[in-house]
>>> print(open('query-v7.cif').read())   # mmCIF, C-alpha atoms and all ligand atoms
data_final
loop_
_atom_site.label_atom_id
_atom_site.label_comp_id
_atom_site.auth_asym_id
_atom_site.auth_seq_id
_atom_site.Cartn_x
_atom_site.Cartn_y
_atom_site.Cartn_z
CA MET A 807 54.19 26.73 68.04
CA ILE A 808 52.06 23.65 67.43
CA ALA A 809 49.77 23.89 64.38
CA PRO A 810 47.03 23.70 63.42
CA ARG A 811 45.51 25.01 66.63
CA LEU A 812 42.43 26.67 67.99
CA GLU A 813 43.26 29.60 70.22
CA ILE A 814 40.42 29.88 72.68
CA ASP A 815 40.16 33.06 74.72
CA LEU A 816 38.24 32.08 77.85
CA GLU A 817 38.02 35.67 79.02
CA LYS A 818 36.19 36.70 75.84
CA ILE A 819 33.88 33.69 76.06
CA HIS A 820 33.19 34.52 79.71
CA PHE A 821 32.45 38.12 78.73
CA ASN A 822 30.01 37.04 76.01
CA ALA A 823 28.20 34.65 78.35
CA ARG A 824 28.05 37.24 81.11
CA THR A 825 26.72 39.90 78.74
CA LEU A 826 23.91 37.65 77.47
CA VAL A 827 23.05 36.45 80.99
CA LYS A 828 22.78 40.11 82.06
CA ARG A 829 20.69 41.15 79.07
CA LEU A 830 18.23 38.28 79.55
CA ALA A 831 17.98 38.48 83.35
CA PRO A 832 15.57 41.46 83.41
CA LYS A 833 13.18 39.38 81.27
CA GLY A 834 13.34 36.55 83.79
CA ILE A 835 15.12 34.36 81.25
CA SER A 836 17.94 32.07 82.42
CA VAL A 837 20.66 30.74 80.15
CA THR A 838 21.48 27.10 79.49
CA ALA A 839 24.87 27.06 77.80
CA VAL A 840 24.99 24.57 74.95
CA MET A 841 28.34 22.80 74.96
CA LYS A 842 28.25 20.68 71.79
CA ALA A 843 30.48 22.96 69.72
CA THR A 844 33.10 22.71 72.48
CA LEU A 845 33.02 18.89 72.67
CA GLY A 846 32.00 19.28 76.30
CA SER A 847 35.09 21.22 77.34
CA PRO A 848 35.25 21.48 81.16
CA GLU A 849 37.35 24.68 80.79
CA ILE A 850 34.64 26.40 78.74
CA ALA A 851 31.89 24.99 80.98
CA ASN A 852 33.54 26.60 84.00
CA ALA A 853 33.88 29.94 82.19
CA PHE A 854 30.13 29.79 81.42
CA LEU A 855 29.18 28.88 84.99
CA MET A 856 31.26 31.73 86.39
CA ALA A 857 29.42 34.04 84.02
CA GLY A 858 26.08 33.21 85.65
CA VAL A 859 24.93 30.37 83.41
CA LYS A 860 22.73 28.04 85.48
CA THR A 861 22.64 24.84 83.47
CA LEU A 862 24.69 23.15 80.78
CA GLY A 863 23.18 21.36 77.84
CA ASP A 864 24.58 19.04 75.23
CA ALA A 865 23.14 16.87 72.50
CA ARG A 866 25.66 14.09 73.15
CA ILE A 867 26.03 12.06 76.31
CA GLU A 868 29.76 11.62 75.62
CA ASN A 869 30.28 15.37 76.00
CA ILE A 870 28.26 15.42 79.21
CA THR A 871 30.29 12.52 80.57
CA ARG A 872 33.47 14.40 79.71
CA MET A 873 32.32 17.45 81.67
CA ARG A 874 31.34 15.27 84.65
CA GLN A 875 34.71 13.57 84.57
CA GLY A 876 36.30 17.01 84.36
CA GLY A 877 34.70 17.86 87.70
CA VAL A 878 31.76 19.96 86.50
CA THR A 879 28.87 19.50 88.95
CA ALA A 880 26.31 21.98 87.55
CA PRO A 881 22.89 20.67 86.46
CA MET A 882 23.12 19.23 82.96
CA ALA A 883 20.52 18.39 80.34
CA LEU A 884 20.69 16.13 77.33
CA ILE A 885 19.05 18.44 74.77
CA ARG A 886 18.58 15.78 72.09
CA SER A 887 16.07 12.98 72.55
CA PRO A 888 18.02 10.14 74.22
CA MET A 889 18.80 6.99 72.26
CA CYS A 890 17.11 3.92 73.75
CA SER A 891 20.54 2.37 74.02
CA GLN A 892 21.80 5.21 76.22
CA VAL A 893 19.08 5.71 78.84
CA ALA A 894 21.15 4.33 81.73
CA ARG A 895 23.96 6.80 81.03
CA VAL A 896 21.49 9.66 80.55
CA VAL A 897 19.96 8.98 83.95
CA LYS A 898 23.37 8.65 85.55
CA TYR A 899 24.99 11.81 84.20
CA THR A 900 22.16 14.31 83.65
CA GLU A 901 19.43 15.80 85.81
CA PHE A 902 17.01 15.97 82.90
CA SER A 903 16.62 15.37 79.20
CA PHE A 904 14.58 16.78 76.32
CA ASN A 905 12.10 14.25 75.05
CA THR A 906 9.54 13.65 72.33
CA GLU A 907 8.93 9.86 72.41
CA LEU A 908 6.91 7.97 75.05
CA ASP A 909 8.86 4.78 74.41
CA VAL A 910 12.07 6.55 75.36
CA ILE A 911 10.50 8.18 78.42
CA ARG A 912 9.31 4.74 79.62
CA LEU A 913 12.87 3.43 79.29
CA LEU A 914 14.20 6.48 81.15
CA SER A 915 11.77 5.77 83.98
CA ASP A 916 12.89 2.11 84.15
CA ALA A 917 16.55 3.15 84.16
CA ALA A 918 15.91 5.80 86.81
CA GLN A 919 14.09 3.25 88.95
CA LYS A 920 17.10 0.92 88.79
CA ALA A 921 19.38 3.82 89.71
CA LYS A 922 17.00 4.93 92.51
CA ARG A 923 16.59 8.35 90.93
CA VAL A 924 13.91 10.57 89.48
CA HIS A 925 14.82 11.82 86.01
CA GLY A 926 13.49 15.17 84.80
CA ILE A 927 11.66 15.43 81.49
CA VAL A 928 11.39 18.51 79.31
CA LEU A 929 8.85 17.91 76.57
CA MET A 930 9.77 19.42 73.23
CA VAL A 931 6.88 20.84 71.23
CA GLU A 932 6.82 21.05 67.43
CA LEU A 933 6.07 24.64 66.41
CA GLY A 934 6.92 24.56 62.73
CA ASP A 935 10.62 23.96 62.16
CA LEU A 936 9.93 20.24 61.65
CA ARG A 937 12.86 18.87 63.58
CA GLU A 938 12.15 17.39 67.03
CA GLY A 939 8.90 17.97 68.88
CA ILE A 940 5.53 16.58 69.88
CA LEU A 941 2.68 18.06 67.85
CA PRO A 942 0.66 20.35 70.14
CA ASN A 943 -2.52 18.28 69.75
CA ALA A 944 -0.70 15.19 71.07
CA LEU A 945 0.70 16.86 74.19
CA ASN A 946 -2.12 16.11 76.59
CA HIS A 947 -2.01 12.40 75.81
CA THR A 948 1.78 12.35 76.25
CA VAL A 949 1.60 14.14 79.60
CA GLN A 950 -1.13 11.76 80.78
CA GLU A 951 1.01 8.73 79.95
CA ILE A 952 4.12 10.20 81.60
CA LEU A 953 2.20 10.81 84.82
CA ARG A 954 1.72 7.03 85.14
CA LEU A 955 5.48 6.45 85.18
CA PRO A 956 7.10 6.21 88.63
CA ASN A 957 10.62 7.61 88.15
CA VAL A 958 10.30 10.50 85.75
CA ALA A 959 9.01 13.99 86.56
CA ILE A 960 7.87 16.54 84.00
CA LYS A 961 10.00 19.60 84.63
CA GLY A 962 9.06 21.73 81.70
CA ILE A 963 8.44 22.32 78.08
CA GLY A 964 10.54 23.61 75.24
CA THR A 965 10.76 24.18 71.54
CA ASN A 966 13.47 24.51 68.94
CA LEU A 967 13.22 26.63 65.81
CA ALA A 968 15.56 27.89 63.09
CA CYS A 969 17.60 24.66 62.95
CA ARG A 970 16.14 22.48 60.22
CA SER A 971 13.88 24.78 58.27
CA GLY A 972 15.06 28.22 59.38
CA VAL A 973 11.71 29.10 60.99
CA VAL A 974 12.21 32.42 62.80
CA PRO A 975 11.21 32.59 66.50
CA ASP A 976 8.63 35.37 66.63
CA ALA A 977 5.71 36.74 68.64
CA ALA A 978 3.31 34.18 67.14
CA ASN A 979 5.19 30.92 67.73
CA MET A 980 6.49 32.07 71.12
CA ALA A 981 2.95 33.01 72.17
CA ALA A 982 1.91 29.52 71.07
CA LEU A 983 4.52 28.04 73.42
CA SER A 984 3.21 30.15 76.32
CA ALA A 985 -0.36 29.12 75.49
CA VAL A 986 0.56 25.42 75.45
CA THR A 987 2.33 25.91 78.81
CA ASN A 988 -0.75 27.51 80.39
CA SER A 989 -3.00 24.87 78.92
CA ILE A 990 -0.99 21.92 80.32
CA GLU A 991 -0.79 23.58 83.73
CA SER A 992 -4.52 24.20 83.89
CA THR A 993 -5.42 20.75 82.56
CA PHE A 994 -3.14 18.79 84.88
CA GLY A 995 -2.74 21.14 87.84
CA PHE A 996 1.04 21.14 88.22
CA PRO A 997 3.54 23.87 87.31
CA LEU A 998 5.96 23.66 84.39
CA ASP A 999 9.12 25.12 85.91
CA ILE A 1000 11.12 25.30 82.71
CA VAL A 1001 9.79 26.97 79.58
CA SER A 1002 12.76 26.82 77.22
CA GLY A 1003 11.99 29.01 74.24
CA GLY A 1004 14.82 28.05 71.92
CA ASN A 1005 18.41 28.70 70.90
CA SER A 1006 20.58 31.64 69.84
CA ALA A 1007 18.10 32.39 67.06
CA ASN A 1008 15.63 33.46 69.81
CA LEU A 1009 17.83 36.31 71.07
CA HIS A 1010 16.54 38.85 68.62
CA TRP A 1011 12.95 38.12 69.71
CA ALA A 1012 13.84 37.94 73.42
CA LEU A 1013 15.72 41.26 73.45
CA SER A 1014 13.46 43.15 71.06
CA GLY A 1015 11.17 44.35 73.84
CA ALA A 1016 8.47 41.85 72.83
CA ASP A 1017 6.38 40.23 75.57
CA THR A 1018 8.35 37.09 76.40
CA GLY A 1019 5.30 35.48 78.03
CA ARG A 1020 6.04 32.29 79.95
CA VAL A 1021 9.47 31.74 78.39
CA ASN A 1022 12.04 31.64 81.22
CA ASN A 1023 15.01 29.90 79.59
CA LEU A 1024 17.05 29.95 76.38
CA ARG A 1025 19.69 27.47 75.28
CA LEU A 1026 22.65 29.37 73.84
CA GLY A 1027 25.70 28.05 72.03
CA GLU A 1028 26.73 29.92 68.90
CA SER A 1029 25.86 33.38 70.23
CA ILE A 1030 28.15 32.97 73.25
CA LEU A 1031 31.05 31.31 71.47
CA LEU A 1032 31.05 33.32 68.26
CA GLY A 1033 29.16 36.50 69.27
CA CYS A 1034 26.99 35.89 66.26
CA ASP A 1035 23.23 35.94 65.57
CA PRO A 1036 22.50 32.71 63.67
CA LEU A 1037 19.41 34.10 61.90
CA HIS A 1038 21.44 36.39 59.69
CA ARG A 1039 24.97 35.46 60.79
CA LYS A 1040 25.57 39.04 61.92
CA PRO A 1041 27.67 40.07 64.95
CA ILE A 1042 25.64 40.74 68.12
CA ALA A 1043 26.36 44.27 69.32
CA GLY A 1044 28.71 44.38 72.29
CA LEU A 1045 29.98 40.79 72.03
CA HIS A 1046 33.39 39.48 71.00
CA THR A 1047 33.34 37.74 67.62
CA ASP A 1048 36.98 36.67 67.84
CA ALA A 1049 37.01 34.60 71.02
CA ILE A 1050 38.09 31.55 69.01
CA THR A 1051 40.72 31.70 66.26
CA LEU A 1052 42.02 28.89 64.07
CA VAL A 1053 45.70 29.05 63.15
CA ALA A 1054 47.18 26.91 60.36
CA GLU A 1055 50.68 26.61 58.96
CA VAL A 1056 51.93 27.11 55.39
CA ILE A 1057 53.64 24.04 53.86
CA GLU A 1058 54.02 25.23 50.26
CA SER A 1059 54.27 28.71 48.82
CA LYS A 1060 54.76 29.27 45.09
CA VAL A 1061 53.77 31.45 42.17
CA LYS A 1062 51.49 29.20 40.08
CA PRO A 1063 49.11 29.58 37.17
CA SER A 1064 45.58 30.23 38.42
CA GLN A 1065 44.08 27.90 35.79
CA PRO A 1066 44.60 24.13 35.95
CA TRP A 1067 45.65 22.32 32.77
CA GLY A 1068 44.68 18.90 31.37
CA THR A 1069 41.19 17.42 31.04
CA ILE A 1070 39.00 18.52 33.97
CA ALA A 1071 36.59 16.15 35.78
CA GLN A 1072 35.57 16.12 39.46
CA ASN A 1073 38.07 16.67 42.25
CA ALA A 1074 38.18 14.63 45.47
CA PHE A 1075 35.01 16.30 46.80
CA GLY A 1076 32.92 16.93 43.70
CA ILE A 1077 32.97 19.68 41.15
CA PRO A 1078 35.72 22.24 41.75
CA ALA A 1079 34.91 25.95 41.58
CA ALA A 1080 36.18 27.40 38.32
CA PRO A 1081 39.16 29.67 39.04
CA LYS A 1082 38.10 33.30 38.69
CA THR A 1083 41.43 34.75 37.73
CA VAL A 1084 43.74 34.20 34.79
CA GLY A 1085 47.49 34.54 34.81
CA HIS A 1086 49.73 33.72 37.73
CA ILE A 1087 48.98 34.03 41.42
CA GLN A 1088 50.83 33.76 44.69
CA GLN A 1089 49.51 30.41 45.99
CA ALA A 1090 50.03 28.93 49.44
CA ILE A 1091 48.99 25.58 50.89
CA LEU A 1092 48.11 25.21 54.56
CA ALA A 1093 48.35 21.90 56.43
CA ILE A 1094 44.67 21.59 57.25
CA GLY A 1095 41.75 20.19 55.28
CA ARG A 1096 38.16 19.04 55.13
CA GLN A 1097 38.83 16.43 57.77
CA ASP A 1098 39.41 19.27 60.22
CA ILE A 1099 37.31 22.17 59.02
CA ASP A 1100 34.45 23.24 56.79
CA PRO A 1101 36.32 25.45 54.29
CA ALA A 1102 33.14 27.40 53.51
CA GLY A 1103 32.98 28.39 57.19
CA LEU A 1104 36.43 29.94 57.39
CA GLU A 1105 37.05 33.64 57.19
CA ALA A 1106 40.60 34.46 56.10
CA PRO A 1107 42.44 37.74 56.76
CA HIS A 1108 41.39 40.33 54.17
CA ASP A 1109 44.44 39.93 51.93
CA ILE A 1110 44.07 36.16 51.67
CA GLU A 1111 41.46 34.31 49.59
CA ILE A 1112 40.49 30.67 50.18
CA LEU A 1113 40.48 28.82 46.83
CA GLU A 1114 39.88 25.10 47.51
CA ALA A 1115 40.26 22.44 50.15
CA SER A 1116 40.86 18.71 49.97
CA SER A 1117 41.14 16.28 52.90
CA ASP A 1118 44.48 17.58 54.14
CA HIS A 1119 45.29 20.70 52.10
CA LEU A 1120 43.78 24.18 52.14
CA VAL A 1121 44.79 26.17 49.06
CA VAL A 1122 44.77 29.96 49.34
CA LYS A 1123 45.75 32.91 47.22
CA THR A 1124 47.79 35.53 48.99
CA LYS A 1125 47.01 38.85 47.44
CA ARG A 1126 49.74 41.22 48.43
CA PHE A 1127 52.75 39.36 49.72
CA THR A 1128 54.38 35.95 49.77
CA GLN A 1129 53.44 33.73 52.66
CA PRO A 1130 56.66 31.83 53.47
CA VAL A 1131 56.73 28.13 54.32
CA GLY A 1132 56.48 27.78 58.09
CA SER A 1133 54.48 30.98 58.53
CA GLU A 1134 51.00 30.92 60.08
CA ILE A 1135 47.64 32.28 58.98
CA PRO A 1136 44.77 32.98 61.43
CA PHE A 1137 41.13 32.34 60.48
CA GLN A 1138 37.81 33.22 62.06
CA LEU A 1139 35.24 30.41 62.07
CA ASN A 1140 31.53 30.03 61.63
CA TYR A 1141 29.57 27.48 63.64
CA SER A 1142 30.06 24.69 61.12
CA ALA A 1143 33.84 25.21 60.95
CA LEU A 1144 34.00 25.52 64.73
CA LEU A 1145 32.13 22.24 65.27
CA ARG A 1146 34.43 20.36 62.95
CA SER A 1147 37.69 21.90 64.17
CA MET A 1148 36.81 21.31 67.83
CA THR A 1149 36.09 17.69 66.97
CA SER A 1150 39.29 17.12 64.99
CA PRO A 1151 41.98 15.29 66.95
CA PHE A 1152 44.50 16.91 64.59
CA ILE A 1153 43.81 20.42 65.89
CA SER A 1154 45.32 21.40 69.23
CA LYS A 1155 43.27 23.49 71.61
CA ILE A 1156 45.21 26.30 73.22
CA TRP A 1157 43.60 28.15 76.14
CA LYS A 1158 44.54 31.79 76.20
CA LYS A 1159 43.35 32.32 79.76
CA ARG A 1160 42.53 29.79 82.45
CA ALA A 1161 38.94 29.88 83.64
CA THR A 1162 40.17 29.82 87.23
CA ALA A 1163 41.47 33.36 86.71
CA LEU A 1164 37.93 34.56 86.08
CA GLN A 1165 35.80 36.10 88.78
CA PRO A 1166 32.65 34.25 89.89
CA SER A 1167 29.51 36.20 89.15
CA LEU A 1168 26.87 37.45 91.56
CA PRO A 1169 23.33 36.06 91.30
CA LEU A 1170 21.53 38.00 88.62
CA LEU A 1171 18.12 36.52 87.96
CA LYS A 1172 14.98 38.28 89.08
CA LYS A 1173 12.85 35.14 88.95
CA ALA A 1174 14.49 32.30 90.87
CA SER A 1175 15.94 29.91 88.32
CA PRO A 1176 13.80 26.78 88.24
CA LEU A 1177 16.68 24.90 86.71
CA ALA A 1178 18.85 25.37 89.77
CA GLN A 1179 16.31 23.41 91.81
CA LEU A 1180 17.13 20.31 89.85
CA SER A 1181 20.72 20.28 90.99
CA GLY A 1182 19.91 18.45 94.23
CA LYS A 1183 18.87 15.29 92.40
C1 LIG B 1201 22.40 23.07 69.28
C2 LIG B 1201 21.17 23.31 70.03
C3 LIG B 1201 20.97 24.53 70.70
C4 LIG B 1201 21.98 25.66 70.65
O1 LIG B 1201 21.90 26.32 69.43
P1 LIG B 1201 22.77 27.64 69.14
O2 LIG B 1201 22.23 28.14 67.86
O3 LIG B 1201 24.18 27.22 69.08
O4 LIG B 1201 22.50 28.58 70.26
C5 LIG B 1201 19.81 24.70 71.43
N1 LIG B 1201 18.88 23.73 71.50
C6 LIG B 1201 19.01 22.55 70.87
C7 LIG B 1201 17.94 21.53 71.00
C8 LIG B 1201 20.15 22.30 70.11
O5 LIG B 1201 20.28 21.12 69.48
#
>>> encode(input="query-v7.cif", output="structure tokens", more="lines below")
Ligand SMILES: *Cc1c(COP(=O)(O)O)cnc(C)c1O
Amino acid sequence: MIAPRLEIDLEKIHFNARTLVKRLAPKGISVTAVMKATLGSPEIANAFLMAGVKTLGDARIENITRMRQGGVTAPMALIRSPMCSQVARVVKYTEFSFNTELDVIRLLSDAAQKAKRVHGIVLMVELGDLREGILPNALNHTVQEILRLPNVAIKGIGTNLACRSGVVPDAANMAALSAVTNSIESTFGFPLDIVSGGNSANLHWALSGADTGRVNNLRLGESILLGCDPLHRKPIAGLHTDAITLVAEVIESKVKPSQPWGTIAQNAFGIPAAPKTVGHIQQAILAIGRQDIDPAGLEAPHDIEILEASSDHLVVKTKRFTQPVGSEIPFQLNYSALLRSMTSPFISKIWKKRATALQPSLPLLKKASPLAQLSGK
């Protein structure tokens, strides 16, 4: 079979999405599935939508375009602040975008006017992680300025934590988001339909029984795809953690000394880890490398140890048996390895189950999803 490849089990991904949609529904929280780690795969998008996901989000307009061209019609959001150079495409392919800069929002309004559309704006608020977001004390001014623009409409508010600085979503910062929401509504007299509390790192808070306040949406990527809680990189109970497997092929298999010889300087990617063992080992080389994966994000089967990776070679130690040339080794991936392997044109993507075989889900949300209302635009 073709190698290297990602084996993607759509049924397991569907199950994970469905499980999280069901767990969050009683809290009135809808799910936006974040597609960036899938490169905007229409197959995975359809599996998510059939699981009850209401909107799709991606940081890159190219991925959104790919889903549109793949026939996906669900409401989509650009969840990274648009580049000025991309506003026309953002208006064309998405219903709304996440924004923090007035200059960009003005350009979005101009582009929407040309396209005879109204583009939705979700304002991102900075609550401590120090990535994107308007500082809370600047929000009123920003809203005031947006209200002057003819072809954009403020649809909601959001925040993002745990990405740059690892700030944990908790009762305090989530209450701050609810407070900001209430304050904007009472100052300006219009409702904020979307209150998007964060990403997979918010699940622990959202499902802990805490008061979720005004938060009615989460944007989930890693937790659905990998069944993993990004705060501590622990499996989420009841979810599949093996929906996506990377398979690579052995191209050399030999008994070799574990210690290199000669004068040692840096290797191709910096300072090599000093070999832990002495004596001889069973060494195998797989035809995959840093161009395709993040070696630190691979989890090998228990009797195989990853030693080093260069651009095109992954060197492993096989502990119990010889791994013959031509044989294959499966790996589990973390988010970083998944992102890179999905993006690599050298890794084939094999679907283990077509999304069309999956059953559509029944409506689940208690509160009507405000995001669904955007789909008519
Ligand atoms: C990537 C991203 C997400 C999804 O994060 P996960 O940890 O994969 O759930 C959500 N929101 C924003 C703004 C993002 O960039």
>>> closest_atom_pairs(input="query-v7.cif", of="chain A", to="ligand LIG 1201 (chain B)", cutoff="6 Å", atoms="only C-alpha atoms and all ligand atoms", output="tab-separated table")
residue	atom	partner	partner_atom	distance
A:Val840	CA	B:LIG1201	C4	5.4
A:Ala865	CA	B:LIG1201	O5	5.9
A:Ile885	CA	B:LIG1201	C7	5.0
A:Arg886	CA	B:LIG1201	C7	5.9
A:Asn966	CA	B:LIG1201	C7	5.8
A:Gly1004	CA	B:LIG1201	N1	5.9
A:Asn1005	CA	B:LIG1201	O4	4.1
A:Ser1006	CA	B:LIG1201	O4	3.6
A:Ala1007	CA	B:LIG1201	O2	6.0
A:Arg1025	CA	B:LIG1201	C5	4.7
A:Leu1026	CA	B:LIG1201	O4	3.7
A:Gly1027	CA	B:LIG1201	O3	3.4
A:Glu1028	CA	B:LIG1201	O3	3.7
A:Ser1029	CA	B:LIG1201	O4	5.9
>>> residues_near_point(input="query-v7.cif", point="(32.5, 25.9, 56.3)", cutoff="9 Å", atoms="all atoms listed in the file", output="list of chain:residue names")
A:Arg1096, A:Ile1099, A:Asp1100, A:Pro1101, A:Ala1102, A:Gly1103, A:Leu1104, A:Leu1139, A:Asn1140, A:Tyr1141, A:Ser1142, A:Ala1143, A:Leu1144, A:Arg1146
>>> write_last_selection(input="query-v7.cif", atoms="C-alpha atoms", output="PDB file, keeping the file's coordinate frame")
ATOM      1  CA  ARG A1096      38.160  19.040  55.130  1.00  0.00           C
ATOM      2  CA  ILE A1099      37.310  22.170  59.020  1.00  0.00           C
ATOM      3  CA  ASP A1100      34.450  23.240  56.790  1.00  0.00           C
ATOM      4  CA  PRO A1101      36.320  25.450  54.290  1.00  0.00           C
ATOM      5  CA  ALA A1102      33.140  27.400  53.510  1.00  0.00           C
ATOM      6  CA  GLY A1103      32.980  28.390  57.190  1.00  0.00           C
ATOM      7  CA  LEU A1104      36.430  29.940  57.390  1.00  0.00           C
ATOM      8  CA  LEU A1139      35.240  30.410  62.070  1.00  0.00           C
ATOM      9  CA  ASN A1140      31.530  30.030  61.630  1.00  0.00           C
ATOM     10  CA  TYR A1141      29.570  27.480  63.640  1.00  0.00           C
ATOM     11  CA  SER A1142      30.060  24.690  61.120  1.00  0.00           C
ATOM     12  CA  ALA A1143      33.840  25.210  60.950  1.00  0.00           C
ATOM     13  CA  LEU A1144      34.000  25.520  64.730  1.00  0.00           C
ATOM     14  CA  ARG A1146      34.430  20.360  62.950  1.00  0.00           C
TER      15      ARG A1146
END
>>> residues_near_point(input="query-v7.cif", point="(4.3, 4.1, 81.4)", cutoff="9 Å", atoms="all atoms listed in the file", output="short mmCIF file (atom, residue, chain, number, x, y, z; two decimals) with C-alpha atoms, in the frame of the given file")
data_model
loop_
_atom_site.label_atom_id
_atom_site.label_comp_id
_atom_site.auth_asym_id
_atom_site.auth_seq_id
_atom_site.Cartn_x
_atom_site.Cartn_y
_atom_site.Cartn_z
CA LEU A 908 6.91 7.97 75.05
CA ASP A 909 8.86 4.78 74.41
CA ILE A 911 10.50 8.18 78.42
CA ARG A 912 9.31 4.74 79.62
CA LEU A 913 12.87 3.43 79.29
CA SER A 915 11.77 5.77 83.98
CA GLU A 951 1.01 8.73 79.95
CA ILE A 952 4.12 10.20 81.60
CA LEU A 953 2.20 10.81 84.82
CA ARG A 954 1.72 7.03 85.14
CA LEU A 955 5.48 6.45 85.18
CA PRO A 956 7.10 6.21 88.63
#
>>> atom_distance(input="query-v7.cif", atom1="CA of Gln1097 in chain A", atom2="CA of Gly1076 in chain A")
15.3 Å
>>> closest_residue(input="query-v7.cif", among="A:Leu1045, A:Ile1135, A:Cys969, A:Ala944", to="Ala1090 in chain A", atoms="all atoms listed in the file")
A:Ile1135
>>> closest_residue(input="query-v7.cif", among="A:Asn869, A:Asn1008, A:Gln1089, A:Thr861", to="Ile1057 in chain A", atoms="only C-alpha atoms")
A:Gln1089
>>> closest_residue(input="query-v7.cif", among="A:Asn946, A:Arg937, A:Leu1052, A:Ser1116", to="Ile1153 in chain A", atoms="only C-alpha atoms")
A:Leu1052
>>> residues_around(input="query-v7.cif", residues="Arg895 in chain A", least_positions_apart="4", cutoff="12 Å", atoms="all atoms listed in the file", output="list in words")
Arg866, Ile867, Glu868, Asn869, Ile870, Thr871, Arg874, Leu884, Pro888, Met889, Cys890, Ser891, Tyr899, Thr900, Glu901, Phe902, Ser903, Leu913, Leu914, Ala917, Ala918, Lys920, Ala921 and His925 of chain A
>>> write_last_selection(input="query-v7.cif", atoms="C-alpha atoms", output="PDB file, keeping the file's coordinate frame")
ATOM      1  CA  ARG A 866      25.660  14.090  73.150  1.00  0.00           C
ATOM      2  CA  ILE A 867      26.030  12.060  76.310  1.00  0.00           C
ATOM      3  CA  GLU A 868      29.760  11.620  75.620  1.00  0.00           C
ATOM      4  CA  ASN A 869      30.280  15.370  76.000  1.00  0.00           C
ATOM      5  CA  ILE A 870      28.260  15.420  79.210  1.00  0.00           C
ATOM      6  CA  THR A 871      30.290  12.520  80.570  1.00  0.00           C
ATOM      7  CA  ARG A 874      31.340  15.270  84.650  1.00  0.00           C
ATOM      8  CA  LEU A 884      20.690  16.130  77.330  1.00  0.00           C
ATOM      9  CA  PRO A 888      18.020  10.140  74.220  1.00  0.00           C
ATOM     10  CA  MET A 889      18.800   6.990  72.260  1.00  0.00           C
ATOM     11  CA  CYS A 890      17.110   3.920  73.750  1.00  0.00           C
ATOM     12  CA  SER A 891      20.540   2.370  74.020  1.00  0.00           C
ATOM     13  CA  TYR A 899      24.990  11.810  84.200  1.00  0.00           C
ATOM     14  CA  THR A 900      22.160  14.310  83.650  1.00  0.00           C
ATOM     15  CA  GLU A 901      19.430  15.800  85.810  1.00  0.00           C
ATOM     16  CA  PHE A 902      17.010  15.970  82.900  1.00  0.00           C
ATOM     17  CA  SER A 903      16.620  15.370  79.200  1.00  0.00           C
ATOM     18  CA  LEU A 913      12.870   3.430  79.290  1.00  0.00           C
ATOM     19  CA  LEU A 914      14.200   6.480  81.150  1.00  0.00           C
ATOM     20  CA  ALA A 917      16.550   3.150  84.160  1.00  0.00           C
ATOM     21  CA  ALA A 918      15.910   5.800  86.810  1.00  0.00           C
ATOM     22  CA  LYS A 920      17.100   0.920  88.790  1.00  0.00           C
ATOM     23  CA  ALA A 921      19.380   3.820  89.710  1.00  0.00           C
ATOM     24  CA  HIS A 925      14.820  11.820  86.010  1.00  0.00           C
TER      25      HIS A 925
END
>>> closest_residue(input="query-v7.cif", among="A:Glu813, A:Gly846, A:Thr838, A:Leu1037", to="Ile1000 in chain A", atoms="only C-alpha atoms")
A:Thr838
>>> closest_residue(input="query-v7.cif", among="A:Ile1077, A:Met980, A:Val1121, A:Leu998", to="Val928 in chain A", atoms="only C-alpha atoms")
A:Leu998
>>> closest_residue(input="query-v7.cif", among="A:Gln875, A:Asn957, A:Ser836, A:Ser847", to="Gly1003 in chain A", atoms="only C-alpha atoms")
A:Ser836
>>> atom_distance(input="query-v7.cif", atom1="CA of Arg923 in chain A", atom2="CA of Phe854 in chain A")
27.1 Å
>>> residues_around(input="query-v7.cif", residues="Lys1155 in chain A", least_positions_apart="2", cutoff="8 Å", atoms="only C-alpha atoms", output="PDB file with C-alpha atoms, in the coordinates of the input")
ATOM      1  CA  ARG A 811      45.510  25.010  66.630  1.00  0.00           C
ATOM      2  CA  LEU A 812      42.430  26.670  67.990  1.00  0.00           C
ATOM      3  CA  GLU A 813      43.260  29.600  70.220  1.00  0.00           C
ATOM      4  CA  ILE A 814      40.420  29.880  72.680  1.00  0.00           C
ATOM      5  CA  MET A1148      36.810  21.310  67.830  1.00  0.00           C
ATOM      6  CA  ILE A1153      43.810  20.420  65.890  1.00  0.00           C
ATOM      7  CA  TRP A1157      43.600  28.150  76.140  1.00  0.00           C
TER       8      TRP A1157
END
>>> atom_distance(input="query-v7.cif", atom1="CA of Pro1136 in chain A", atom2="CA of Lys1062 in chain A")
22.7 Å
>>> residues_around(input="query-v7.cif", residues="Gly962 in chain A", least_positions_apart="5", cutoff="10 Å", atoms="only C-alpha atoms", output="PyMOL selection string")
chain A and resi 902+904+926-930+987+997-1002+1176-1177
>>> residues_around(input="query-v7.cif", residues="His1108 in chain A", least_positions_apart="5", cutoff="12 Å", atoms="all atoms listed in the file", output="count of residues only")
9
